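Chemist: Coordinates in target_21.cif, mmCIF, C-alpha atoms and all ligand atoms, are listed below.
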```cif
data_protein
loop_
_atom_site.group_PDB
_atom_site.id
_atom_site.type_symbol
_atom_site.label_atom_id
_atom_site.label_comp_id
_atom_site.auth_asym_id
_atom_site.auth_seq_id
_atom_site.Cartn_x
_atom_site.Cartn_y
_atom_site.Cartn_z
ATOM 1 C CA MET A 280 -2.189 20.771 -2.455
ATOM 2 C CA PRO A 281 -0.685 17.416 -3.358
ATOM 3 C CA VAL A 282 -0.059 15.831 0.044
ATOM 4 C CA VAL A 283 -3.339 15.200 1.843
ATOM 5 C CA PRO A 284 -4.353 13.179 4.910
ATOM 6 C CA MET A 285 -4.974 9.480 4.315
ATOM 7 C CA LYS A 286 -8.505 9.820 5.668
ATOM 8 C CA ASP A 287 -9.407 12.417 3.000
ATOM 9 C CA ILE A 288 -8.421 9.942 0.309
ATOM 10 C CA LEU A 289 -10.049 6.874 1.822
ATOM 11 C CA ASP A 290 -13.326 8.350 3.041
ATOM 12 C CA ARG A 291 -14.120 9.736 -0.415
ATOM 13 C CA ALA A 292 -13.171 6.460 -2.048
ATOM 14 C CA LEU A 293 -15.379 4.529 0.365
ATOM 15 C CA ALA A 294 -18.328 6.880 -0.129
ATOM 16 C CA GLU A 295 -18.084 6.660 -3.909
ATOM 17 C CA ARG A 296 -16.974 3.034 -3.949
ATOM 18 C CA TYR A 297 -13.768 3.243 -5.912
ATOM 19 C CA GLY A 298 -10.380 1.932 -4.858
ATOM 20 C CA VAL A 299 -7.167 3.874 -4.414
ATOM 21 C CA GLY A 300 -3.979 2.074 -5.365
ATOM 22 C CA ALA A 301 -1.489 1.904 -2.495
ATOM 23 C CA PHE A 302 1.768 1.126 -4.233
ATOM 24 C CA ASN A 303 4.826 -0.056 -2.295
ATOM 25 C CA ILE A 304 7.466 2.242 -3.719
ATOM 26 C CA ILE A 305 11.134 1.366 -3.276
ATOM 27 C CA ASN A 306 13.166 4.309 -4.527
ATOM 28 C CA ASP A 307 13.039 7.606 -6.413
ATOM 29 C CA LEU A 308 12.381 5.966 -9.763
ATOM 30 C CA THR A 309 9.342 4.042 -8.500
ATOM 31 C CA ILE A 310 7.967 7.068 -6.631
ATOM 32 C CA GLU A 311 8.246 9.242 -9.723
ATOM 33 C CA ALA A 312 6.754 6.623 -12.069
ATOM 34 C CA VAL A 313 3.720 5.915 -9.844
ATOM 35 C CA LEU A 314 3.103 9.635 -9.392
ATOM 36 C CA ALA A 315 3.354 10.176 -13.161
ATOM 37 C CA ALA A 316 0.721 7.483 -13.746
ATOM 38 C CA ALA A 317 -1.582 9.034 -11.124
ATOM 39 C CA VAL A 318 -1.175 12.442 -12.763
ATOM 40 C CA GLU A 319 -1.954 11.025 -16.207
ATOM 41 C CA GLU A 320 -5.061 9.350 -14.783
ATOM 42 C CA ASN A 321 -5.976 12.376 -12.671
ATOM 43 C CA ALA A 322 -6.345 10.003 -9.735
ATOM 44 C CA PRO A 323 -5.572 10.128 -6.012
ATOM 45 C CA VAL A 324 -2.797 7.744 -5.026
ATOM 46 C CA ILE A 325 -1.212 6.260 -1.912
ATOM 47 C CA LEU A 326 2.535 5.734 -1.776
ATOM 48 C CA GLN A 327 3.548 3.256 0.878
ATOM 49 C CA THR A 328 6.918 2.255 2.227
ATOM 50 C CA SER A 329 7.879 -0.998 3.879
ATOM 51 C CA VAL A 330 9.951 -0.860 7.059
ATOM 52 C CA LYS A 331 12.782 -2.350 4.988
ATOM 53 C CA THR A 332 12.711 0.597 2.571
ATOM 54 C CA VAL A 333 12.638 3.094 5.460
ATOM 55 C CA LYS A 334 15.664 1.412 7.007
ATOM 56 C CA GLN A 335 17.514 1.115 3.727
ATOM 57 C CA TYR A 336 17.322 4.849 3.042
ATOM 58 C CA GLY A 337 16.983 6.248 6.508
ATOM 59 C CA ARG A 338 13.699 7.926 7.343
ATOM 60 C CA ARG A 339 14.836 11.476 6.696
ATOM 61 C CA GLN A 340 16.371 10.827 3.302
ATOM 62 C CA LEU A 341 13.373 8.808 2.107
ATOM 63 C CA TYR A 342 10.969 11.518 3.229
ATOM 64 C CA ASP A 343 13.041 14.234 1.548
ATOM 65 C CA ILE A 344 12.985 12.313 -1.725
ATOM 66 C CA PHE A 345 9.211 11.916 -1.425
ATOM 67 C CA ARG A 346 8.696 15.635 -0.698
ATOM 68 C CA THR A 347 10.867 16.678 -3.601
ATOM 69 C CA LEU A 348 9.146 14.392 -6.096
ATOM 70 C CA VAL A 349 5.628 15.205 -4.936
ATOM 71 C CA ALA A 350 6.154 18.978 -4.873
ATOM 72 C CA ASP A 351 4.580 19.803 -8.240
ATOM 73 C CA VAL A 352 2.162 16.917 -8.434
ATOM 74 C CA PRO A 353 -1.396 18.200 -8.890
ATOM 75 C CA VAL A 354 -3.272 15.098 -7.639
ATOM 76 C CA PRO A 355 -3.901 14.087 -3.997
ATOM 77 C CA VAL A 356 -1.108 11.919 -2.609
ATOM 78 C CA THR A 357 -0.553 10.481 0.829
ATOM 79 C CA LEU A 358 2.437 8.687 2.364
ATOM 80 C CA HIS A 359 1.807 5.528 4.369
ATOM 81 C CA LEU A 360 4.011 3.140 6.354
ATOM 82 C CA ASP A 361 3.075 -0.450 5.513
ATOM 83 C CA HIS A 362 3.152 -3.367 8.031
ATOM 84 C CA CYS A 363 5.138 -2.134 10.984
ATOM 85 C CA PRO A 364 5.233 -4.055 14.265
ATOM 86 C CA ASP A 365 7.916 -1.777 15.721
ATOM 87 C CA ARG A 366 6.640 1.160 17.793
ATOM 88 C CA THR A 367 9.980 2.976 17.445
ATOM 89 C CA VAL A 368 9.756 3.001 13.651
ATOM 90 C CA ILE A 369 6.081 4.007 13.875
ATOM 91 C CA SER A 370 6.949 6.985 16.098
ATOM 92 C CA ASP A 371 9.892 7.937 13.913
ATOM 93 C CA CYS A 372 7.800 7.968 10.720
ATOM 94 C CA LEU A 373 4.937 9.848 12.375
ATOM 95 C CA ALA A 374 7.372 12.466 13.644
ATOM 96 C CA GLY A 375 9.031 12.521 10.239
ATOM 97 C CA GLY A 376 5.942 13.435 8.225
ATOM 98 C CA TRP A 377 4.241 10.158 7.193
ATOM 99 C CA ASN A 378 0.494 10.675 6.812
ATOM 100 C CA SER A 379 -0.485 7.232 7.958
ATOM 101 C CA VAL A 380 0.881 4.006 9.447
ATOM 102 C CA LEU A 381 -0.159 0.361 9.609
ATOM 103 C CA PHE A 382 0.600 -0.738 13.145
ATOM 104 C CA ASP A 383 0.827 -4.478 12.524
ATOM 105 C CA ALA A 384 0.562 -6.016 15.974
ATOM 106 C CA HIS A 385 -1.236 -9.185 14.910
ATOM 107 C CA GLU A 386 1.343 -11.267 16.733
ATOM 108 C CA LEU A 387 0.145 -9.820 20.040
ATOM 109 C CA ASP A 388 -3.062 -11.080 21.581
ATOM 110 C CA VAL A 389 -6.038 -8.980 20.538
ATOM 111 C CA ALA A 390 -6.415 -7.202 23.897
ATOM 112 C CA GLU A 391 -2.779 -6.062 23.927
ATOM 113 C CA ASN A 392 -2.933 -5.210 20.218
ATOM 114 C CA LEU A 393 -6.009 -3.065 20.916
ATOM 115 C CA ARG A 394 -4.353 -1.315 23.853
ATOM 116 C CA GLN A 395 -1.234 -0.468 21.857
ATOM 117 C CA THR A 396 -3.126 0.431 18.674
ATOM 118 C CA ALA A 397 -5.192 2.953 20.661
ATOM 119 C CA GLU A 398 -1.894 4.491 21.805
ATOM 120 C CA VAL A 399 -0.652 4.658 18.211
ATOM 121 C CA VAL A 400 -3.927 6.314 17.146
ATOM 122 C CA ALA A 401 -3.487 8.952 19.891
ATOM 123 C CA GLU A 402 0.114 9.511 18.808
ATOM 124 C CA ALA A 403 -0.874 9.782 15.130
ATOM 125 C CA ARG A 404 -3.541 12.363 15.904
ATOM 126 C CA MET A 405 -0.884 14.685 17.306
ATOM 127 C CA THR A 406 0.530 15.106 13.783
ATOM 128 C CA GLY A 407 -2.817 14.830 11.973
ATOM 129 C CA ALA A 408 -1.921 11.331 10.782
ATOM 130 C CA HIS A 409 -4.087 8.221 10.460
ATOM 131 C CA VAL A 410 -3.801 4.578 11.374
ATOM 132 C CA GLU A 411 -4.559 1.250 9.735
ATOM 133 C CA GLY A 412 -5.076 -1.644 12.142
ATOM 134 C CA GLU A 413 -4.601 -5.398 11.802
ATOM 135 C CA ILE A 414 -5.378 -8.308 14.103
ATOM 136 C CA GLU A 415 -4.718 -11.232 11.755
ATOM 137 C CA GLY A 416 -1.557 -11.866 9.768
ATOM 138 C CA ILE A 417 -1.842 -11.577 6.009
ATOM 139 C CA GLN A 418 -0.221 -14.740 4.700
ATOM 140 C CA GLY A 419 3.118 -14.445 2.896
ATOM 141 C CA VAL A 420 6.458 -12.800 3.639
ATOM 142 C CA GLU A 421 6.970 -9.348 2.139
ATOM 143 C CA ASP A 422 10.072 -7.238 2.612
ATOM 144 C CA ASP A 423 11.127 -9.511 5.489
ATOM 145 C CA ILE A 424 7.824 -9.148 7.384
ATOM 146 C CA GLY A 425 5.116 -11.785 7.745
ATOM 147 C CA SER A 426 4.837 -15.550 7.613
ATOM 148 C CA ASP A 427 3.874 -18.222 5.086
ATOM 149 C CA GLU A 428 1.668 -19.853 7.714
ATOM 150 C CA ALA A 429 -2.033 -19.027 7.563
ATOM 151 C CA SER A 430 -2.993 -16.822 10.496
ATOM 152 C CA LYS A 431 -5.761 -17.424 13.024
ATOM 153 C CA ILE A 432 -8.911 -15.633 11.847
ATOM 154 C CA GLN A 433 -10.728 -13.657 14.512
ATOM 155 C CA SER A 434 -14.508 -13.548 14.773
ATOM 156 C CA LEU A 435 -16.475 -10.707 13.227
ATOM 157 C CA GLU A 436 -17.437 -9.531 16.721
ATOM 158 C CA ILE A 437 -13.812 -9.322 17.862
ATOM 159 C CA SER A 438 -12.846 -7.457 14.670
ATOM 160 C CA ILE A 439 -15.681 -4.944 15.042
ATOM 161 C CA ASP A 440 -14.857 -4.425 18.704
ATOM 162 C CA PHE A 441 -11.194 -3.822 17.803
ATOM 163 C CA VAL A 442 -12.067 -1.223 15.151
ATOM 164 C CA LYS A 443 -14.533 0.627 17.368
ATOM 165 C CA ASN A 444 -12.383 0.690 20.487
ATOM 166 C CA SER A 445 -8.979 1.329 18.911
ATOM 167 C CA GLY A 446 -10.190 4.258 16.809
ATOM 168 C CA VAL A 447 -8.367 3.083 13.658
ATOM 169 C CA ASP A 448 -9.245 4.823 10.400
ATOM 170 C CA CYS A 449 -8.840 1.783 8.195
ATOM 171 C CA PHE A 450 -8.708 -1.966 8.854
ATOM 172 C CA ALA A 451 -6.878 -4.829 7.139
ATOM 173 C CA PRO A 452 -8.901 -8.042 7.441
ATOM 174 C CA ALA A 453 -7.570 -11.447 6.427
ATOM 175 C CA ILE A 454 -10.070 -12.783 3.894
ATOM 176 C CA GLY A 455 -8.050 -15.487 2.169
ATOM 177 C CA ASN A 456 -5.731 -12.928 0.567
ATOM 178 C CA ALA A 457 -1.943 -13.279 0.645
ATOM 179 C CA HIS A 458 1.163 -11.284 -0.176
ATOM 180 C CA GLY A 459 3.117 -12.281 -3.277
ATOM 181 C CA GLN A 460 1.901 -14.199 -6.318
ATOM 182 C CA TYR A 461 -0.928 -16.619 -5.573
ATOM 183 C CA LYS A 462 -0.043 -20.260 -6.179
ATOM 184 C CA GLN A 463 -3.700 -20.880 -7.021
ATOM 185 C CA ALA A 464 -6.686 -18.575 -7.417
ATOM 186 C CA PRO A 465 -7.642 -17.510 -3.882
ATOM 187 C CA VAL A 466 -11.096 -18.111 -2.471
ATOM 188 C CA LEU A 467 -11.966 -14.889 -0.698
ATOM 189 C CA ASP A 468 -14.425 -14.198 2.087
ATOM 190 C CA ALA A 469 -15.836 -11.064 0.468
ATOM 191 C CA GLN A 470 -18.871 -11.052 2.738
ATOM 192 C CA ARG A 471 -16.557 -10.319 5.684
ATOM 193 C CA VAL A 472 -15.627 -7.029 4.005
ATOM 194 C CA SER A 473 -19.302 -6.065 3.621
ATOM 195 C CA ASP A 474 -20.065 -7.034 7.230
ATOM 196 C CA LEU A 475 -17.099 -5.063 8.599
ATOM 197 C CA VAL A 476 -17.860 -1.964 6.542
ATOM 198 C CA GLU A 477 -21.515 -2.051 7.500
ATOM 199 C CA ALA A 478 -20.760 -2.451 11.200
ATOM 200 C CA THR A 479 -17.861 0.012 11.478
ATOM 201 C CA GLY A 480 -18.357 2.525 8.650
ATOM 202 C CA ILE A 481 -14.618 2.640 7.976
ATOM 203 C CA PRO A 482 -12.785 1.678 4.772
ATOM 204 C CA MET A 483 -11.021 -1.673 4.491
ATOM 205 C CA ALA A 484 -7.488 -2.176 3.172
ATOM 206 C CA LEU A 485 -7.157 -4.984 0.660
ATOM 207 C CA HIS A 486 -3.745 -6.596 1.049
ATOM 208 C CA GLY A 487 -2.199 -9.004 -1.407
ATOM 209 C CA GLY A 488 -3.512 -7.192 -4.464
ATOM 210 C CA THR A 489 -1.091 -8.778 -6.917
ATOM 211 C CA GLY A 490 -2.722 -11.660 -8.760
ATOM 212 C CA LEU A 491 -6.362 -11.024 -7.863
ATOM 213 C CA SER A 492 -8.743 -11.129 -10.822
ATOM 214 C CA ASP A 493 -10.414 -8.022 -12.202
ATOM 215 C CA ASP A 494 -13.755 -9.331 -10.913
ATOM 216 C CA GLN A 495 -12.357 -9.882 -7.419
ATOM 217 C CA PHE A 496 -10.989 -6.336 -7.335
ATOM 218 C CA ARG A 497 -14.280 -4.843 -8.533
ATOM 219 C CA ASP A 498 -16.348 -6.871 -6.079
ATOM 220 C CA LEU A 499 -14.146 -6.096 -3.054
ATOM 221 C CA ILE A 500 -13.936 -2.402 -3.912
ATOM 222 C CA ALA A 501 -17.723 -2.245 -4.263
ATOM 223 C CA ARG A 502 -17.957 -3.778 -0.778
ATOM 224 C CA GLY A 503 -15.669 -1.140 0.745
ATOM 225 C CA CYS A 504 -12.013 -2.003 0.121
ATOM 226 C CA ALA A 505 -11.046 1.611 -0.562
ATOM 227 C CA LYS A 506 -7.292 1.015 -0.153
ATOM 228 C CA VAL A 507 -5.827 -1.579 -2.504
ATOM 229 C CA ASN A 508 -2.239 -2.653 -1.835
ATOM 230 C CA ILE A 509 0.050 -3.490 -4.722
ATOM 231 C CA SER A 510 3.660 -4.487 -4.119
ATOM 232 C CA THR A 511 4.716 -7.625 -5.978
ATOM 233 C CA ALA A 512 3.306 -6.332 -9.283
ATOM 234 C CA LEU A 513 5.454 -3.212 -8.943
ATOM 235 C CA LYS A 514 8.581 -5.229 -8.218
ATOM 236 C CA GLU A 515 7.913 -7.469 -11.203
ATOM 237 C CA ALA A 516 7.138 -4.534 -13.505
ATOM 238 C CA TYR A 517 10.390 -2.983 -12.383
ATOM 239 C CA LEU A 518 12.685 -5.947 -12.820
ATOM 240 C CA LYS A 519 11.305 -8.368 -15.393
ATOM 241 C CA PRO A 520 11.493 -6.014 -18.409
ATOM 242 C CA SER A 521 14.906 -4.860 -17.126
ATOM 243 C CA LEU A 522 16.267 -8.359 -17.556
ATOM 244 C CA GLU A 523 15.258 -8.405 -21.202
ATOM 245 C CA PHE A 524 16.631 -4.897 -21.693
ATOM 246 C CA LEU A 525 19.971 -5.789 -20.129
ATOM 247 C CA ARG A 526 20.295 -8.881 -22.303
ATOM 248 C CA GLU A 527 19.898 -6.658 -25.379
ATOM 249 C CA THR A 528 22.352 -4.161 -23.887
ATOM 250 C CA GLU A 529 24.867 -6.949 -23.439
ATOM 251 C CA GLN A 530 24.456 -8.028 -27.049
ATOM 252 C CA LYS A 531 24.945 -4.483 -28.316
ATOM 253 C CA ASN A 532 27.632 -3.831 -25.710
ATOM 254 C CA LYS A 533 26.245 -0.300 -25.225
ATOM 255 C CA TRP A 534 25.854 0.469 -21.549
ATOM 256 C CA ASP A 535 23.653 3.481 -20.903
ATOM 257 C CA PRO A 536 21.952 3.533 -17.474
ATOM 258 C CA PRO A 537 19.461 6.331 -18.332
ATOM 259 C CA SER A 538 18.045 4.178 -21.168
ATOM 260 C CA LEU A 539 17.423 1.395 -18.657
ATOM 261 C CA PHE A 540 15.795 3.826 -16.207
ATOM 262 C CA ARG A 541 13.444 5.096 -18.949
ATOM 263 C CA HIS A 542 12.517 1.516 -19.787
ATOM 264 C CA GLN A 543 11.793 0.746 -16.121
ATOM 265 C CA ARG A 544 9.795 3.947 -15.660
ATOM 266 C CA THR A 545 7.574 3.112 -18.638
ATOM 267 C CA ALA A 546 6.873 -0.387 -17.281
ATOM 268 C CA ILE A 547 6.044 0.848 -13.773
ATOM 269 C CA MET A 548 3.838 3.627 -15.116
ATOM 270 C CA GLU A 549 1.916 1.141 -17.222
ATOM 271 C CA MET A 550 1.445 -1.220 -14.252
ATOM 272 C CA ALA A 551 0.191 1.628 -12.040
ATOM 273 C CA ARG A 552 -2.050 3.048 -14.752
ATOM 274 C CA GLN A 553 -3.749 -0.314 -15.333
ATOM 275 C CA HIS A 554 -4.492 -0.730 -11.642
ATOM 276 C CA ILE A 555 -5.722 2.835 -11.187
ATOM 277 C CA ARG A 556 -8.161 2.397 -14.110
ATOM 278 C CA LEU A 557 -9.332 -1.005 -12.929
ATOM 279 C CA PHE A 558 -9.967 0.331 -9.415
ATOM 280 C CA GLY A 559 -12.179 3.113 -10.822
ATOM 281 C CA ALA A 560 -9.944 5.898 -9.498
ATOM 282 C CA SER A 561 -9.273 7.662 -12.830
ATOM 283 C CA GLY A 562 -10.638 11.197 -12.894
ATOM 284 C CA ARG A 563 -11.291 11.180 -9.115
ATOM 285 C CA ALA A 564 -8.617 13.709 -8.139
ATOM 286 C CA TRP A 565 -10.017 16.859 -6.556
HETATM 287 P P1 LIG A 601 1.195 -7.919 -3.036
HETATM 288 O O1 LIG A 601 2.677 -8.008 -2.905
HETATM 289 O O2 LIG A 601 0.556 -9.261 -3.163
HETATM 290 O O3 LIG A 601 0.796 -6.983 -4.120
HETATM 291 O O4 LIG A 601 0.610 -7.320 -1.671
HETATM 292 C C1 LIG A 601 0.910 -6.013 -1.320
HETATM 293 C C2 LIG A 601 0.521 -5.714 0.085
HETATM 294 O O5 LIG A 601 -0.493 -6.148 0.566
HETATM 295 C C3 LIG A 601 1.413 -4.832 0.861
HETATM 296 O O6 LIG A 601 1.045 -4.753 2.199
#
```
Will you turn the file into structure tokens for me?
Modeler:
Amino acid sequence: MPVVPMKDILDRALAERYGVGAFNIINDLTIEAVLAAAVEENAPVILQTSVKTVKQYGRRQLYDIFRTLVADVPVPVTLHLDHCPDRTVISDCLAGGWNSVLFDAHELDVAENLRQTAEVVAEARMTGAHVEGEIEGIQGVEDDIGSDEASKIQSLEISIDFVKNSGVDCFAPAIGNAHGQYKQAPVLDAQRVSDLVEATGIPMALHGGTGLSDDQFRDLIARGCAKVNISTALKEAYLKPSLEFLRETEQKNKWDPPSLFRHQRTAIMEMARQHIRLFGASGRAW
């Protein structure tokens, strides 16, 4: 059963007010480590890929790796394409088996974004896939996408109208969150999440998860952020302990790649496990 539609994961999480970690995986090692943490926690999990990762591997190879690694996993897993402004890549991933896509057309005006997002929703439905929508940029550049400039915030009315008329299954509001490490503690407009969830009934995606406080996570999840995106924390968990490990390796002059991979796997598993527990997703697999 392991691969399930995104909507199955998010609607349950919204109803029971827990959050599902959406981890930006980069390769086989990170996929396997995040899945292992989800299995240990008996939690549903979202694996998401940036456009950069899709292009680096090629869509088919990346999907084949995902399918192979997920084959014996007993918890619900779904595969999502993160921020993608490119309709060709969206169509390619939908045709190639992704369960969900974020069509990130915030650079278009809202009317054109709505028109195209509705088309993406119709296209996704043909393969049983789901769509996350976005009308404001989330600050910060991640995997070559985005901007460090703060984006224009749309009114609540415009956001609600976009959700209702596009048919998206999940929505990514800008609430003062940003990709990457925060330079200072962010002041978040949590009420906007409550207002959007109340008016639309759909789950919100919390972007910029890395660096938020435990209280911020708990509050936003309680308000309806059922999808919680974590990317920078995974990259740091992957590489920072590796640096230390490689320095020791250099001192010993004993070069054994599998030892490094085990070290990295442990660090990524621990990072994922901590987030899964904090988000209240442990024990929620079905
Ligand atoms: P962080 O890199 O801040 O964890 O944000 C992840 C994200 O929102 C991916 O879309």
Chemist: Give me the residues near A:Ala546 as a list in words, where near means some atom within 7 Å (using all atoms listed in the file) and where sequence neighbours in that chain fewer than 4 positions away do not count.
Modeler: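 Contacts, with the query itself left out: Ala516, Tyr517, His542 and Met550 of chain A.
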Chemist: Which residues form the shell of 7 Å around ligand LIG 601 (chain A) when you count all atoms listed in the file, given as a PyMOL selection string?
Modeler: chain A and resi 303+361-362+421+457-460+485-490+508-512
Chemist: Selected by the PyMOL selection byres (((chain A and resi 345) around 10) and not hetatm) in the shown coordinates: which residues, as a list in words?
Modeler: Asn306, Asp307, Ile310, Glu311, Leu326, Arg339, Gln340, Leu341, Tyr342, Asp343, Ile344, Arg346, Thr347, Leu348, Val349, Ala350 and Leu358 of chain A
Chemist: Which is closer to A:Lys506 than all the others in A:Glu529, A:Asp422, A:Asp494, A:Glu411, using all atoms listed in the file?
Modeler: A:Glu411
Chemist: Set the distance at 12 Å and use only C-alpha atoms: which residues neighbour A:Ala317 once local chain neighbours fewer than 4 positions away are removed? I'd like the list as a PDB file with C-alpha atoms, in the frame of the given file.
Modeler:
```pdb
ATOM      1  CA  PRO A 281      -0.685  17.416  -3.358  1.00  0.00           C
ATOM      2  CA  VAL A 299      -7.167   3.874  -4.414  1.00  0.00           C
ATOM      3  CA  GLY A 300      -3.979   2.074  -5.365  1.00  0.00           C
ATOM      4  CA  ALA A 301      -1.489   1.904  -2.495  1.00  0.00           C
ATOM      5  CA  PHE A 302       1.768   1.126  -4.233  1.00  0.00           C
ATOM      6  CA  ILE A 310       7.967   7.068  -6.631  1.00  0.00           C
ATOM      7  CA  GLU A 311       8.246   9.242  -9.723  1.00  0.00           C
ATOM      8  CA  ALA A 312       6.754   6.623 -12.069  1.00  0.00           C
ATOM      9  CA  VAL A 313       3.720   5.915  -9.844  1.00  0.00           C
ATOM     10  CA  ASN A 321      -5.976  12.376 -12.671  1.00  0.00           C
ATOM     11  CA  ALA A 322      -6.345  10.003  -9.735  1.00  0.00           C
ATOM     12  CA  PRO A 323      -5.572  10.128  -6.012  1.00  0.00           C
ATOM     13  CA  VAL A 324      -2.797   7.744  -5.026  1.00  0.00           C
ATOM     14  CA  ILE A 325      -1.212   6.260  -1.912  1.00  0.00           C
ATOM     15  CA  LEU A 326       2.535   5.734  -1.776  1.00  0.00           C
ATOM     16  CA  VAL A 349       5.628  15.205  -4.936  1.00  0.00           C
ATOM     17  CA  VAL A 352       2.162  16.917  -8.434  1.00  0.00           C
ATOM     18  CA  PRO A 353      -1.396  18.200  -8.890  1.00  0.00           C
ATOM     19  CA  VAL A 354      -3.272  15.098  -7.639  1.00  0.00           C
ATOM     20  CA  PRO A 355      -3.901  14.087  -3.997  1.00  0.00           C
ATOM     21  CA  VAL A 356      -1.108  11.919  -2.609  1.00  0.00           C
ATOM     22  CA  ILE A 547       6.044   0.848 -13.773  1.00  0.00           C
ATOM     23  CA  MET A 548       3.838   3.627 -15.116  1.00  0.00           C
ATOM     24  CA  GLU A 549       1.916   1.141 -17.222  1.00  0.00           C
ATOM     25  CA  MET A 550       1.445  -1.220 -14.252  1.00  0.00           C
ATOM     26  CA  ALA A 551       0.191   1.628 -12.040  1.00  0.00           C
ATOM     27  CA  ARG A 552      -2.050   3.048 -14.752  1.00  0.00           C
ATOM     28  CA  GLN A 553      -3.749  -0.314 -15.333  1.00  0.00           C
ATOM     29  CA  HIS A 554      -4.492  -0.730 -11.642  1.00  0.00           C
ATOM     30  CA  ILE A 555      -5.722   2.835 -11.187  1.00  0.00           C
ATOM     31  CA  ARG A 556      -8.161   2.397 -14.110  1.00  0.00           C
ATOM     32  CA  ALA A 560      -9.944   5.898  -9.498  1.00  0.00           C
ATOM     33  CA  SER A 561      -9.273   7.662 -12.830  1.00  0.00           C
ATOM     34  CA  GLY A 562     -10.638  11.197 -12.894  1.00  0.00           C
ATOM     35  CA  ARG A 563     -11.291  11.180  -9.115  1.00  0.00           C
ATOM     36  CA  ALA A 564      -8.617  13.709  -8.139  1.00  0.00           C
TER      37      ALA A 564
END
```
Chemist: Do you have the atom CA of A:Arg296-atom CA of A:Ser473 distance handy?
Modeler: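 Computing it gives 12.1 Å between the two atoms.
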Chemist: If I take atom CA of A:Asn456 and atom CA of A:Leu557, how far is one from the other in Å, to one decimal?
Modeler: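 Separation between atom CA of A:Asn456 and atom CA of A:Leu557: 18.4 Å.
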Chemist: Point out the residue among A:Thr332, A:Gln395, A:Thr479, A:Ser521 with the least atom-to-atom distance to A:Pro536, counting only C-alpha atoms.
Modeler: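 Selected residue with least distance to A:Pro536: A:Ser521.
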Chemist: So which residues get picked by the PyMOL selection byres (((chain A and resi 446-452) around 8) and not hetatm) here, written as a list in words?
Modeler: Lys286, Thr396, Ala397, Val400, His409, Val410, Glu411, Gly412, Glu413, Ile414, Glu415, Val442, Lys443, Asn444, Ser445, Ala453, Ile454, Val472, Ile481, Pro482, Met483, Ala484, Leu485 and His486 of chain A
Chemist: Could you state the separation of atom CA of A:Gln327 and atom CA of A:Gly419 in Å, given to one decimal place?
Modeler: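 Atom-to-atom, atom CA of A:Gln327 to atom CA of A:Gly419, that is 17.8 Å.
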